[in-house]
$ cat start.tsv   # TSV, C-alpha atoms and all ligand atoms
chain	number	residue	atom	x	y	z
A	1	MET	CA	5.15	28.49	23.39
A	2	ASP	CA	1.88	30.20	24.23
A	3	PHE	CA	-1.05	28.65	22.41
A	4	SER	CA	-3.67	30.89	24.00
A	5	ALA	CA	-3.60	33.45	21.21
A	6	ALA	CA	-4.13	30.75	18.62
A	7	ASN	CA	-7.39	29.39	19.95
A	8	GLY	CA	-9.01	32.29	21.73
A	9	SER	CA	-10.45	30.10	24.48
A	10	SER	CA	-10.44	31.43	28.01
A	11	ARG	CA	-7.87	30.38	30.56
A	12	ASN	CA	-10.58	28.55	32.49
A	13	ASP	CA	-11.63	26.51	29.46
A	14	ARG	CA	-8.04	25.64	28.89
A	15	LEU	CA	-7.59	24.34	32.40
A	16	LEU	CA	-10.81	22.42	32.17
A	17	LEU	CA	-9.96	20.79	28.88
A	18	CYS	CA	-6.22	20.70	29.05
A	19	CYS	CA	-3.78	18.23	30.41
A	20	ARG	CA	-3.56	19.38	34.01
A	21	CYS	CA	-0.37	21.27	33.39
A	22	PRO	CA	0.05	24.65	35.04
A	23	THR	CA	1.95	26.25	32.15
A	24	LEU	CA	0.78	27.74	28.90
A	25	ASP	CA	3.29	26.02	26.61
A	26	CYS	CA	0.95	23.10	26.36
A	27	MET	CA	-1.51	22.32	23.63
A	28	ASP	CA	-5.17	21.91	24.51
A	29	PHE	CA	-8.04	20.23	22.65
A	30	THR	CA	-9.09	23.45	20.94
A	31	TYR	CA	-5.64	24.11	19.54
A	32	LEU	CA	-5.18	20.47	18.51
A	33	ASP	CA	-8.57	20.44	16.79
A	34	SER	CA	-7.77	23.65	14.97
A	35	ALA	CA	-4.41	22.28	13.73
A	36	ILE	CA	-6.06	19.03	12.56
A	37	SER	CA	-8.97	20.80	10.89
A	38	LYS	CA	-6.55	22.55	8.52
A	39	LEU	CA	-5.41	19.22	7.04
A	40	PRO	CA	-7.08	17.62	4.02
A	41	ARG	CA	-9.30	14.77	5.18
A	42	ARG	CA	-11.96	12.63	3.55
A	43	ARG	CA	-14.45	11.56	6.21
A	44	ILE	CA	-15.26	7.87	5.94
A	45	GLY	CA	-15.28	6.20	9.36
A	46	PHE	CA	-17.50	6.68	12.41
A	47	TYR	CA	-15.62	8.80	14.94
A	48	PRO	CA	-15.10	9.08	17.86
A	49	THR	CA	-14.76	5.33	18.21
A	50	PRO	CA	-16.22	3.88	21.42
A	51	PHE	CA	-14.30	3.71	24.70
A	52	HIS	CA	-15.54	1.45	27.46
A	53	ALA	CA	-14.54	-0.56	30.53
A	54	LEU	CA	-13.77	-4.29	30.51
A	55	PRO	CA	-15.33	-5.04	33.93
A	56	ASN	CA	-14.89	-8.82	34.01
A	57	LEU	CA	-11.28	-8.90	32.85
A	58	SER	CA	-10.54	-6.00	35.24
A	59	ALA	CA	-11.89	-7.98	38.19
A	60	ALA	CA	-9.84	-11.01	37.18
A	61	TYR	CA	-6.56	-9.07	37.02
A	62	GLY	CA	-6.94	-6.36	39.66
A	63	VAL	CA	-6.30	-3.55	37.16
A	64	ASN	CA	-8.88	-1.23	35.59
A	65	LEU	CA	-8.98	-2.21	31.94
A	66	PHE	CA	-10.59	-0.15	29.19
A	67	MET	CA	-10.78	-0.58	25.46
A	68	LYS	CA	-10.65	2.00	22.66
A	69	ARG	CA	-12.44	0.49	19.68
A	70	GLU	CA	-10.66	1.30	16.42
A	71	ASP	CA	-11.98	-2.08	15.25
A	72	LEU	CA	-15.40	-0.39	15.14
A	73	ALA	CA	-14.24	2.58	13.03
A	74	GLY	CA	-16.39	1.54	10.07
A	75	PRO	CA	-17.63	1.95	7.43
A	76	SER	CA	-18.16	-1.82	7.75
A	77	ALA	CA	-17.98	-4.13	10.76
A	78	ILE	CA	-14.51	-5.34	9.74
A	79	SER	CA	-12.43	-2.23	10.35
A	80	GLY	CA	-9.42	-1.02	12.26
A	81	SER	CA	-6.70	1.52	12.90
A	82	LYS	CA	-5.87	2.00	9.20
A	83	MET	CA	-9.19	3.70	8.45
A	84	ARG	CA	-8.03	6.91	10.16
A	85	LEU	CA	-4.84	6.86	8.09
A	86	ALA	CA	-6.90	6.41	4.93
A	87	GLU	CA	-9.02	9.47	5.76
A	88	PHE	CA	-5.97	11.75	5.79
A	89	VAL	CA	-4.24	10.12	2.81
A	90	LEU	CA	-7.42	10.23	0.73
A	91	GLY	CA	-8.08	13.83	1.69
A	92	ARG	CA	-4.89	14.73	-0.15
A	93	ALA	CA	-5.52	12.21	-2.96
A	94	VAL	CA	-9.01	13.54	-3.72
A	95	ASP	CA	-7.69	17.12	-3.79
A	96	ALA	CA	-4.96	16.00	-6.20
A	97	GLY	CA	-7.42	14.32	-8.57
A	98	VAL	CA	-6.01	10.84	-7.99
A	99	THR	CA	-7.86	8.07	-9.87
A	100	HIS	CA	-6.02	4.95	-8.62
A	101	LEU	CA	-4.38	4.11	-5.32
A	102	ILE	CA	-1.93	1.21	-5.11
A	103	THR	CA	-0.90	-0.30	-1.81
A	104	GLN	CA	0.75	-3.52	-0.69
A	105	GLY	CA	0.77	-5.96	2.17
A	106	ALA	CA	0.57	-9.58	3.16
A	107	TYR	CA	-2.34	-11.33	1.40
A	108	LEU	CA	-4.27	-11.11	4.69
A	109	THR	CA	-3.50	-7.39	5.10
A	110	ASN	CA	-5.78	-5.33	7.30
A	111	SER	CA	-4.53	-2.02	5.95
A	112	GLY	CA	-5.09	-3.13	2.34
A	113	LEU	CA	-8.70	-4.02	3.14
A	114	GLN	CA	-9.36	-0.73	4.92
A	115	PHE	CA	-7.65	1.39	2.25
A	116	ALA	CA	-9.60	-0.46	-0.44
A	117	ALA	CA	-12.91	0.20	1.33
A	118	ALA	CA	-11.98	3.85	1.90
A	119	CYS	CA	-10.96	4.29	-1.76
A	120	LEU	CA	-14.26	2.90	-3.03
A	121	SER	CA	-16.12	5.30	-0.79
A	122	ALA	CA	-14.03	8.18	-2.19
A	123	ARG	CA	-14.49	6.98	-5.81
A	124	ILE	CA	-10.82	6.12	-6.24
A	125	THR	CA	-9.92	2.72	-7.71
A	126	PRO	CA	-7.92	0.62	-5.21
A	127	ILE	CA	-5.26	-1.86	-6.36
A	128	LEU	CA	-3.59	-4.30	-3.98
A	129	PHE	CA	-0.25	-6.05	-4.39
A	130	LEU	CA	-0.37	-8.90	-1.92
A	131	THR	CA	2.43	-11.21	-0.90
A	132	ARG	CA	1.97	-14.76	0.22
A	133	ASN	CA	4.57	-16.56	2.28
A	134	VAL	CA	4.13	-19.97	0.64
A	135	PRO	CA	6.32	-22.01	3.03
A	136	ARG	CA	4.22	-20.65	5.94
A	137	HIS	CA	0.75	-20.53	4.45
A	138	GLY	CA	0.76	-22.65	1.28
A	139	GLN	CA	-0.50	-21.58	-2.15
A	140	LEU	CA	-3.67	-19.50	-2.11
A	141	ALA	CA	-6.32	-22.22	-2.34
A	142	GLU	CA	-9.54	-20.56	-1.21
A	143	SER	CA	-10.83	-17.06	-0.52
A	144	ARG	CA	-11.14	-16.40	3.19
A	145	GLY	CA	-10.93	-13.53	5.65
A	146	ASN	CA	-9.81	-10.15	4.34
A	147	TYR	CA	-8.95	-11.59	0.92
A	148	LEU	CA	-12.54	-12.77	0.48
A	149	LEU	CA	-13.79	-9.30	1.45
A	150	ASN	CA	-11.44	-7.64	-1.05
A	151	GLN	CA	-12.80	-9.91	-3.75
A	152	THR	CA	-16.35	-9.12	-2.68
A	153	MET	CA	-15.57	-5.42	-3.19
A	154	GLY	CA	-14.25	-6.27	-6.66
A	155	VAL	CA	-10.77	-5.00	-5.85
A	156	GLU	CA	-7.98	-5.60	-8.39
A	157	THR	CA	-5.57	-7.83	-6.47
A	158	HIS	CA	-2.19	-9.20	-7.52
A	159	VAL	CA	-0.92	-12.08	-5.42
A	160	ILE	CA	2.86	-12.54	-5.45
A	161	ASN	CA	4.05	-15.85	-4.05
A	162	LEU	CA	7.26	-15.61	-2.07
A	163	THR	CA	9.51	-18.05	-0.33
A	164	GLY	CA	11.64	-15.38	1.32
A	165	ASP	CA	10.77	-12.66	3.77
A	166	VAL	CA	9.36	-9.68	1.89
A	167	TRP	CA	9.82	-7.52	4.94
A	168	ASN	CA	13.56	-8.08	5.41
A	169	ASP	CA	14.99	-9.60	2.22
A	170	PRO	CA	15.84	-7.11	-0.54
A	171	GLU	CA	15.10	-9.54	-3.42
A	172	PRO	CA	11.39	-10.21	-2.81
A	173	ALA	CA	10.87	-6.59	-1.75
A	174	ALA	CA	12.35	-5.47	-5.09
A	175	ARG	CA	10.04	-7.87	-6.98
A	176	VAL	CA	7.00	-6.31	-5.34
A	177	ALA	CA	8.27	-2.76	-5.91
A	178	ASP	CA	8.90	-3.56	-9.61
A	179	ALA	CA	5.42	-5.01	-10.03
A	180	ILE	CA	3.86	-1.91	-8.46
A	181	GLU	CA	5.98	0.41	-10.60
A	182	GLY	CA	4.99	-1.52	-13.74
A	183	ARG	CA	1.27	-1.23	-13.00
A	184	LYS	CA	1.65	2.46	-12.17
A	185	THR	CA	3.43	3.14	-15.48
A	186	GLU	CA	0.69	1.29	-17.37
A	187	LEU	CA	-2.05	3.33	-15.70
A	188	GLU	CA	-0.23	6.62	-16.23
A	189	ALA	CA	0.19	5.80	-19.91
A	190	GLN	CA	-3.62	5.59	-20.03
A	191	GLY	CA	-3.86	9.06	-18.50
A	192	HIS	CA	-4.67	8.05	-14.92
A	193	LYS	CA	-3.27	9.67	-11.81
A	194	VAL	CA	-1.78	7.12	-9.39
A	195	PHE	CA	-0.96	7.36	-5.69
A	196	ILE	CA	1.19	4.78	-3.92
A	197	VAL	CA	0.79	4.04	-0.21
A	198	GLY	CA	3.39	1.92	1.60
A	199	PRO	CA	2.79	-1.32	3.49
A	200	GLY	CA	0.57	-0.92	6.53
A	201	GLY	CA	-0.77	2.40	5.25
A	202	THR	CA	2.55	4.19	5.70
A	203	HIS	CA	2.48	7.60	4.06
A	204	PRO	CA	3.72	11.02	5.27
A	205	ASP	CA	0.13	12.36	5.36
A	206	ALA	CA	-1.05	9.43	7.50
A	207	PHE	CA	0.89	9.69	10.75
A	208	VAL	CA	-1.06	12.62	12.19
A	209	ALA	CA	-4.26	10.53	12.17
A	210	HIS	CA	-3.77	8.87	15.54
A	211	ALA	CA	-3.16	12.18	17.30
A	212	VAL	CA	-6.94	12.35	17.01
A	213	THR	CA	-7.26	8.88	18.57
A	214	PHE	CA	-5.31	10.06	21.61
A	215	ARG	CA	-7.38	13.23	21.84
A	216	GLU	CA	-10.57	11.12	21.80
A	217	LEU	CA	-9.11	8.76	24.39
A	218	LEU	CA	-8.38	11.65	26.77
A	219	GLU	CA	-11.79	13.21	26.38
A	220	GLN	CA	-13.52	9.86	26.84
A	221	SER	CA	-11.44	8.79	29.84
A	222	ASP	CA	-11.89	12.24	31.44
A	223	ALA	CA	-15.65	11.93	30.95
A	224	ALA	CA	-15.48	8.53	32.67
A	225	GLY	CA	-13.54	10.09	35.57
A	226	VAL	CA	-10.46	7.99	34.77
A	227	GLN	CA	-6.86	9.20	34.61
A	228	LEU	CA	-5.12	6.72	32.32
A	229	ASP	CA	-1.76	5.36	33.47
A	230	PHE	CA	-0.97	3.20	30.43
A	231	VAL	CA	-2.08	2.81	26.83
A	232	TYR	CA	-1.28	-0.63	25.37
A	233	HIS	CA	-1.40	-1.41	21.66
A	234	THR	CA	0.04	-3.78	19.08
A	235	ILE	CA	2.84	-2.28	17.02
A	236	GLY	CA	3.89	-3.34	13.50
A	237	THR	CA	4.50	-0.80	10.75
A	238	GLY	CA	4.50	2.06	13.25
A	239	THR	CA	1.54	4.14	12.08
A	240	ALA	CA	-0.46	4.54	15.30
A	241	LEU	CA	2.21	5.31	17.91
A	242	PRO	CA	3.75	8.46	16.35
A	243	GLY	CA	0.44	10.35	16.27
A	244	MET	CA	-0.59	9.23	19.74
A	245	LEU	CA	2.85	10.02	21.14
A	246	ALA	CA	2.96	13.43	19.47
A	247	ALA	CA	-0.43	14.31	20.97
A	248	LYS	CA	0.67	13.07	24.39
A	249	LEU	CA	3.84	15.19	24.23
A	250	ALA	CA	2.03	18.25	22.87
A	251	MET	CA	-0.61	17.99	25.59
A	252	ARG	CA	1.93	16.99	28.27
A	253	HIS	CA	-0.10	14.08	29.47
A	254	PRO	CA	1.64	11.70	31.90
A	255	VAL	CA	0.26	8.47	30.34
A	256	ARG	CA	2.83	5.84	29.29
A	257	PHE	CA	2.56	3.92	26.02
A	258	ARG	CA	3.41	0.25	25.94
A	259	SER	CA	3.75	-1.30	22.51
A	260	ILE	CA	3.66	-5.07	21.97
A	261	SER	CA	5.35	-5.83	18.67
A	262	ILE	CA	4.59	-8.45	16.05
A	263	LEU	CA	7.93	-7.81	14.31
A	264	PRO	CA	11.53	-7.38	15.50
A	265	TYR	CA	12.02	-3.78	16.70
A	266	ASP	CA	15.68	-3.37	17.60
A	267	ASP	CA	18.03	-0.71	16.26
A	268	GLY	CA	19.14	-2.06	12.89
A	269	ASP	CA	15.79	-3.75	12.16
A	270	ARG	CA	13.67	-2.26	9.41
A	271	MET	CA	11.23	-1.05	12.07
A	272	ASN	CA	12.99	0.39	15.12
A	273	PRO	CA	12.53	3.12	17.73
A	274	GLY	CA	14.41	5.63	15.54
A	275	VAL	CA	11.67	5.38	12.88
A	276	ILE	CA	9.03	6.14	15.51
A	277	VAL	CA	11.06	9.14	16.75
A	278	GLU	CA	11.30	10.61	13.23
A	279	ARG	CA	7.58	10.16	12.54
A	280	THR	CA	6.67	11.62	15.94
A	281	LYS	CA	8.76	14.72	15.21
A	282	ALA	CA	7.04	15.08	11.85
A	283	VAL	CA	3.58	14.93	13.48
A	284	LEU	CA	4.57	17.50	16.13
A	285	ALA	CA	5.76	19.80	13.34
A	286	THR	CA	2.48	19.27	11.44
A	287	LEU	CA	0.59	20.20	14.61
A	288	GLY	CA	2.75	23.28	15.13
A	289	ALA	CA	3.79	21.98	18.56
A	290	PRO	CA	7.26	22.24	20.09
A	291	VAL	CA	9.56	19.38	19.04
A	292	PRO	CA	11.60	17.97	21.94
A	293	ASP	CA	15.02	16.37	21.42
A	294	ASP	CA	15.27	12.79	20.18
A	295	ALA	CA	16.20	11.38	23.58
A	296	THR	CA	13.04	12.79	25.16
A	297	ILE	CA	10.87	11.13	22.51
A	298	ARG	CA	12.81	7.89	22.64
A	299	ALA	CA	12.33	7.67	26.40
A	300	GLU	CA	8.57	7.42	25.73
A	301	ILE	CA	8.94	4.36	23.49
A	302	ASP	CA	8.61	0.98	25.20
A	303	VAL	CA	8.41	-1.95	22.80
A	304	ASP	CA	8.06	-5.49	24.14
A	305	GLN	CA	9.18	-8.04	21.52
A	306	ARG	CA	8.49	-11.16	23.57
A	307	PHE	CA	5.09	-11.84	22.01
A	308	ILE	CA	6.02	-12.08	18.33
A	309	GLY	CA	5.91	-15.88	18.53
A	310	GLU	CA	7.44	-17.93	15.72
A	311	ASP	CA	6.82	-15.40	12.95
A	312	TYR	CA	4.47	-12.77	11.54
A	313	ALA	CA	1.00	-14.18	10.87
A	314	VAL	CA	1.80	-17.41	12.69
A	315	PRO	CA	-0.38	-18.00	15.74
A	316	SER	CA	1.25	-18.18	19.16
A	317	PRO	CA	-0.15	-20.13	22.13
A	318	GLU	CA	-0.26	-16.90	24.18
A	319	SER	CA	-2.23	-15.10	21.50
A	320	THR	CA	-4.68	-17.97	21.07
A	321	ALA	CA	-5.21	-18.00	24.85
A	322	ALA	CA	-5.74	-14.20	24.92
A	323	ILE	CA	-8.30	-14.34	22.09
A	324	ARG	CA	-10.28	-16.97	24.02
A	325	GLU	CA	-9.91	-15.22	27.35
A	326	LEU	CA	-11.31	-11.90	26.10
A	327	ALA	CA	-14.09	-13.65	24.20
A	328	ARG	CA	-15.09	-15.68	27.25
A	329	ALA	CA	-14.87	-12.79	29.73
A	330	GLU	CA	-16.40	-9.98	27.68
A	331	GLY	CA	-17.80	-11.39	24.41
A	332	ILE	CA	-15.32	-9.27	22.40
A	333	PHE	CA	-12.97	-10.55	19.71
A	334	VAL	CA	-9.38	-9.67	18.95
A	335	GLY	CA	-7.56	-11.18	15.97
A	336	PRO	CA	-4.69	-13.64	15.58
A	337	VAL	CA	-2.14	-11.61	13.57
A	338	TYR	CA	-1.98	-8.42	15.65
A	339	THR	CA	-4.42	-7.75	18.45
A	340	GLY	CA	-4.32	-11.24	20.02
A	341	LYS	CA	-0.55	-10.91	20.41
A	342	GLY	CA	-0.92	-7.36	21.78
A	343	LEU	CA	-3.54	-8.42	24.30
A	344	ALA	CA	-1.38	-11.40	25.30
A	345	GLY	CA	1.37	-8.90	26.16
A	346	LEU	CA	-0.98	-6.74	28.22
A	347	LEU	CA	-2.34	-9.72	30.17
A	348	ASP	CA	1.19	-10.99	30.81
A	349	HIS	CA	2.20	-7.56	32.13
A	350	ALA	CA	-0.85	-7.50	34.41
A	351	ARG	CA	-0.11	-11.01	35.68
A	352	THR	CA	3.57	-10.34	36.35
A	353	GLY	CA	3.21	-6.94	38.00
A	354	ARG	CA	4.64	-4.87	35.15
A	355	ILE	CA	1.30	-3.13	35.40
A	356	PRO	CA	0.91	-2.14	39.08
A	357	ALA	CA	-2.34	-3.29	40.72
A	358	GLY	CA	-5.11	-0.72	40.46
A	359	SER	CA	-3.64	1.00	37.38
A	360	ASN	CA	-5.94	2.46	34.73
A	361	VAL	CA	-5.06	0.83	31.42
A	362	ALA	CA	-6.53	1.30	27.94
A	363	PHE	CA	-6.00	-1.27	25.19
A	364	LEU	CA	-6.23	0.15	21.69
A	365	HIS	CA	-8.18	-2.46	19.72
A	366	THR	CA	-6.70	-1.86	16.29
A	367	GLY	CA	-8.85	-4.44	14.47
A	368	ASP	CA	-7.76	-7.75	12.87
A	369	THR	CA	-11.14	-9.45	13.27
A	370	GLY	CA	-11.26	-10.45	9.58
A	371	ASN	CA	-8.28	-12.69	10.27
A	372	LEU	CA	-10.41	-14.76	12.67
A	373	PHE	CA	-11.82	-16.31	9.47
A	374	GLU	CA	-8.44	-17.28	8.02
A	375	ILE	CA	-6.87	-20.69	7.50
A	376	PRO	CA	-5.68	-22.52	10.66
A	377	GLN	CA	-2.02	-21.70	9.83
A	378	VAL	CA	-2.98	-18.04	10.47
A	379	VAL	CA	-5.77	-18.12	13.04
A	380	GLY	CA	-4.65	-21.16	15.05
A	381	HIS	CA	-7.16	-23.23	16.99
A	382	ILE	CA	-9.07	-20.56	18.84
A	383	ALA	CA	-12.07	-22.78	19.52
A	384	GLU	CA	-11.50	-25.76	21.74
A	385	ALA	CA	-11.27	-28.97	19.76
A	386	LYS	CA	-14.12	-30.43	21.87
A	387	SER	CA	-17.50	-30.17	20.22
A	388	LEU	CA	-20.93	-31.29	21.32
A	389	THR	CA	-22.00	-32.80	18.00
A	401	LIG	C1	-1.55	-2.46	11.16
A	401	LIG	C2	-2.04	-3.03	12.42
A	401	LIG	C3	-1.34	-2.89	13.63
A	401	LIG	C4	0.00	-2.24	13.71
A	401	LIG	O1	-0.13	-0.94	13.45
A	401	LIG	P1	0.97	0.16	13.44
A	401	LIG	O2	0.39	1.20	14.27
A	401	LIG	O3	1.12	0.57	12.02
A	401	LIG	O4	2.25	-0.37	14.01
A	401	LIG	C5	-1.90	-3.36	14.79
A	401	LIG	N1	-3.08	-4.00	14.76
A	401	LIG	C6	-3.77	-4.18	13.63
A	401	LIG	C7	-5.04	-4.91	13.68
A	401	LIG	C8	-3.28	-3.71	12.42
A	401	LIG	O5	-3.99	-3.91	11.30

$ encode --input "start.tsv" --output "C-alpha cells"
Amino acid sequence: MDFSAANGSSRNDRLLLCCRCPTLDCMDFTYLDSAISKLPRRRIGFYPTPFHALPNLSAAYGVNLFMKREDLAGPSAISGSKMRLAEFVLGRAVDAGVTHLITQGAYLTNSGLQFAAACLSARITPILFLTRNVPRHGQLAESRGNYLLNQTMGVETHVINLTGDVWNDPEPAARVADAIEGRKTELEAQGHKVFIVGPGGTHPDAFVAHAVTFRELLEQSDAAGVQLDFVYHTIGTGTALPGMLAAKLAMRHPVRFRSISILPYDDGDRMNPGVIVERTKAVLATLGAPVPDDATIRAEIDVDQRFIGEDYAVPSPESTAAIRELARAEGIFVGPVYTGKGLAGLLDHARTGRIPAGSNVAFLHTGDTGNLFEIPQVVGHIAEAKSLT
C-alpha cells in the first residue's frame, strides 16, 4: 500500500521520520497522526509522556535501560496507562451525550481510578463496581491507596465481596454483571445515558490509544539517538500491547515486545495470545494499515508468565526486590500489583542473558504507584523491617 498520497509529505521527510524501511508500503508518523486525529478523543492527560535513561540500573546490568512514563500521564500524580484509553473512550462518550460511565475492577483497580478521574474532567459521572477477594485481602476495613483516592473524588463505588475468582469463575462474574446491569437500568429509567467499560478499561474504542504511545516512544528514542531492541511491559487485560504492536507492524519497526504477565496467558485462559491478535487486527484496520495474517502477529507476542507469583494482587519476593532495586538505584517507584512484577521480569531477563548485553531496552511504566499505599497483603514489605527509631 502506498501511503504517500494520503499524507502529502515528501519522500525525504518520509525517510527521515519513517521506520528505516526502503519501501513505500509502510506507515510514517504523518500518516499515523492523520489516522489518529480522525478519531473522537477527549484530551485529559499530559502527552507525550516523558522518556528517559536509567543510567544507574543500566550500568549495573550492562544493558541500556530506558523508561517511558505512562505513570506520569496525569491529570494527577497517580496515573497510568489507562488514561490514554479513557481519552478515546470518553471522546466517543461525550459525542454520544453519555451522562454516566460504569466500569469494574478489583477494589484496588488502577483503571477504575483513572477512568473515574477522566470522567470527572469530562463532566460524566463515574460509577465503579469493585470486587474484593476476601480470602486474600480480608473485608474492606480502611480506605487506602486507589480506593481512598476514589472516595476523595466522591465516586459512587459498590464493593462486592467475593470468595471465588471473579476473573475465571462464571458465578462471581455473573453477580458483578447483574449488579452493573441493575444500576444501568435504574439510571436509564431516570432518563440518563449510560456507557459501560469492561475491566481494565477494555472497550473497542480504547485499543488504538497505545499506538500513540509507540509513536511517541519511536520519536523520543530517535531524538536520543537510540534504536530500541526491546520494549518490556506488564501485561494483564491486554489493552496496551495491541495498539503498540499495531503501530510497530504498520511502521515496520524491528523492535521486539516482551510482555511480563500478572495473569495466566495460555490458549484457553480468558486472556491469551489470540485475544491480542484480534485486538491488534482491529487497531490496524482502524488505522487503515495493512492487516497481516494471524501467524505473523502471533509471532510478535512473547508473554512470560513466570512472574505472576502466588496470585493477582499478591506480592511476590521478586517484585518486592525489583521495587526496592529501582527505588534505590534511580529514586523511581513501580507498584506491587503490576509494574513491580513486570520490572522483576525485565531484570531477570537482563541477569540471565535473555536480553543480550548492550541491548537498548525500554520499560513501559504503566503506573500502579497508588498501590504502594495499600495493605501489606497487597504491597508486601517493600521497606526493610529495620528502622532507626
Ligand atoms: C492495567 C495495567 C497493566 C496491564 O495493562 P494491559 O495493557 O491492559 O494488559 C499494567 N500495569 C498497570 C499499572 C496497569 O494498571

$ closest_atom_pairs --input "start.tsv" --of "chain A" --to "ligand LIG 401 (chain A)" --cutoff "8 Å" --atoms "all atoms listed in the file" --output "tab-separated table"
residue	atom	partner	partner_atom	distance
A:Asp71	CA	A:LIG401	C7	7.7
A:Gly80	CA	A:LIG401	C7	6.0
A:Ser81	CA	A:LIG401	C8	6.3
A:Lys82	CA	A:LIG401	C1	6.5
A:Thr109	CA	A:LIG401	O5	7.1
A:Asn110	CA	A:LIG401	O5	4.6
A:Ser111	CA	A:LIG401	O5	5.7
A:Gly200	CA	A:LIG401	C1	5.3
A:Gly201	CA	A:LIG401	O3	7.3
A:Thr202	CA	A:LIG401	O3	7.4
A:His233	CA	A:LIG401	C5	7.2
A:Thr234	CA	A:LIG401	C5	4.7
A:Ile235	CA	A:LIG401	O4	3.6
A:Gly236	CA	A:LIG401	O4	3.4
A:Thr237	CA	A:LIG401	O3	3.9
A:Gly238	CA	A:LIG401	O4	3.4
A:Thr239	CA	A:LIG401	O3	3.6
A:Ala240	CA	A:LIG401	O2	3.6
A:Leu241	CA	A:LIG401	O2	5.8
A:Ser261	CA	A:LIG401	O4	7.8
A:Gly335	CA	A:LIG401	C7	7.1
A:Val337	CA	A:LIG401	C7	7.3
A:Tyr338	CA	A:LIG401	N1	4.6
A:Thr339	CA	A:LIG401	N1	5.4
A:His365	CA	A:LIG401	C7	7.2
A:Thr366	CA	A:LIG401	C7	4.3
A:Gly367	CA	A:LIG401	C7	3.9
A:Asp368	CA	A:LIG401	C7	4.0
A:Thr369	CA	A:LIG401	C7	7.6

$ closest_residue --input "start.tsv" --among "A:His210, A:Arg252, A:Lys281, A:His100" --to "His192 in chain A" --atoms "only C-alpha atoms"
A:His100

$ atom_distance --input "start.tsv" --atom1 "CA of Lys38 in chain A" --atom2 "CA of Leu249 in chain A"
20.2 Å

$ atom_distance --input "start.tsv" --atom1 "CA of Thr280 in chain A" --atom2 "CA of Pro204 in chain A"
11.1 Å

$ residues_around --input "start.tsv" --residues "Pro48 in chain A" --least-positions-apart "3" --cutoff "9 Å" --atoms "all atoms listed in the file" --output "PyMOL selection string"
chain A and resi 45+51+73+212-213+216-217

$ atom_distance --input "start.tsv" --atom1 "CA of Pro317 in chain A" --atom2 "CA of Pro55 in chain A"
24.4 Å

$ residues_around --input "start.tsv" --residues "His349 in chain A" --least-positions-apart "2" --cutoff "12 Å" --atoms "only C-alpha atoms" --output "ChimeraX atom specification"
/A:61-63,230,232,258-260,304,306-307,342-347,351-357,359,361

$ closest_residue --input "start.tsv" --among "A:Thr163, A:Thr286, A:Gln190, A:Thr125" --to "His137 in chain A" --atoms "all atoms listed in the file"
A:Thr163

$ residues_around --input "start.tsv" --residues "Pro376 in chain A" --least-positions-apart "3" --cutoff "10 Å" --atoms "only C-alpha atoms" --output "PDB file with C-alpha atoms, in the coordinates of the input"
ATOM      1  CA  HIS A 137       0.750 -20.530   4.450  1.00  0.00           C
ATOM      2  CA  VAL A 314       1.800 -17.410  12.690  1.00  0.00           C
ATOM      3  CA  PRO A 315      -0.380 -18.000  15.740  1.00  0.00           C
ATOM      4  CA  LEU A 372     -10.410 -14.760  12.670  1.00  0.00           C
ATOM      5  CA  PHE A 373     -11.820 -16.310   9.470  1.00  0.00           C
ATOM      6  CA  VAL A 379      -5.770 -18.120  13.040  1.00  0.00           C
ATOM      7  CA  GLY A 380      -4.650 -21.160  15.050  1.00  0.00           C
ATOM      8  CA  HIS A 381      -7.160 -23.230  16.990  1.00  0.00           C
ATOM      9  CA  ILE A 382      -9.070 -20.560  18.840  1.00  0.00           C
TER      10      ILE A 382
END

$ closest_atom_pairs --input "start.tsv" --of "range 166-196 of chain A" --to "range 262-271 of chain A" --cutoff "12 Å" --atoms "only C-alpha atoms" --output "JSON lines"
{"residue": "A:Val166", "atom": "CA", "partner": "A:Arg270", "partner_atom": "CA", "distance": 11.4}
{"residue": "A:Trp167", "atom": "CA", "partner": "A:Arg270", "partner_atom": "CA", "distance": 7.9}
{"residue": "A:Asn168", "atom": "CA", "partner": "A:Arg270", "partner_atom": "CA", "distance": 7.1}
{"residue": "A:Asp169", "atom": "CA", "partner": "A:Arg270", "partner_atom": "CA", "distance": 10.4}
{"residue": "A:Pro170", "atom": "CA", "partner": "A:Arg270", "partner_atom": "CA", "distance": 11.3}

$ closest_residue --input "start.tsv" --among "A:Leu287, A:Phe66, A:Ile332, A:Ala116" --to "Ala224 in chain A" --atoms "only C-alpha atoms"
A:Phe66

$ closest_residue --input "start.tsv" --among "A:Leu72, A:Val231, A:Leu245, A:Val197" --to "Pro126 in chain A" --atoms "all atoms listed in the file"
A:Val197

$ closest_residue --input "start.tsv" --among "A:Val277, A:Asn371, A:Gly225, A:Ala179" --to "Ser79 in chain A" --atoms "all atoms listed in the file"
A:Asn371

$ closest_residue --input "start.tsv" --among "A:Gly340, A:Pro254, A:Gly182, A:Gly105" --to "Ile160 in chain A" --atoms "only C-alpha atoms"
A:Gly105

$ residues_around --input "start.tsv" --residues "Ala53 in chain A" --least-positions-apart "6" --cutoff "8 Å" --atoms "all atoms listed in the file" --output "VMD selection string"
chain A and resid 64 to 67

$ closest_atom_pairs --input "start.tsv" --of "range 130-248 of chain A" --to "range 84-94 of chain A" --cutoff "7 Å" --atoms "all atoms listed in the file" --output "Markdown table"
| residue | atom | partner | partner_atom | distance |
| --- | --- | --- | --- | --- |
| A:Gly201 | CA | A:Leu85 | CA | 6.7 |
| A:Asp205 | CA | A:Val89 | CA | 5.5 |
| A:Ala206 | CA | A:Leu85 | CA | 4.6 |
| A:Phe207 | CA | A:Leu85 | CA | 6.9 |
| A:Ala209 | CA | A:Leu85 | CA | 5.5 |

$ residues_around --input "start.tsv" --residues "Ala299 in chain A" --least-positions-apart "3" --cutoff "10 Å" --atoms "all atoms listed in the file" --output "NGL selection string"
:A and (273 or 277 or 294-296 or 302)
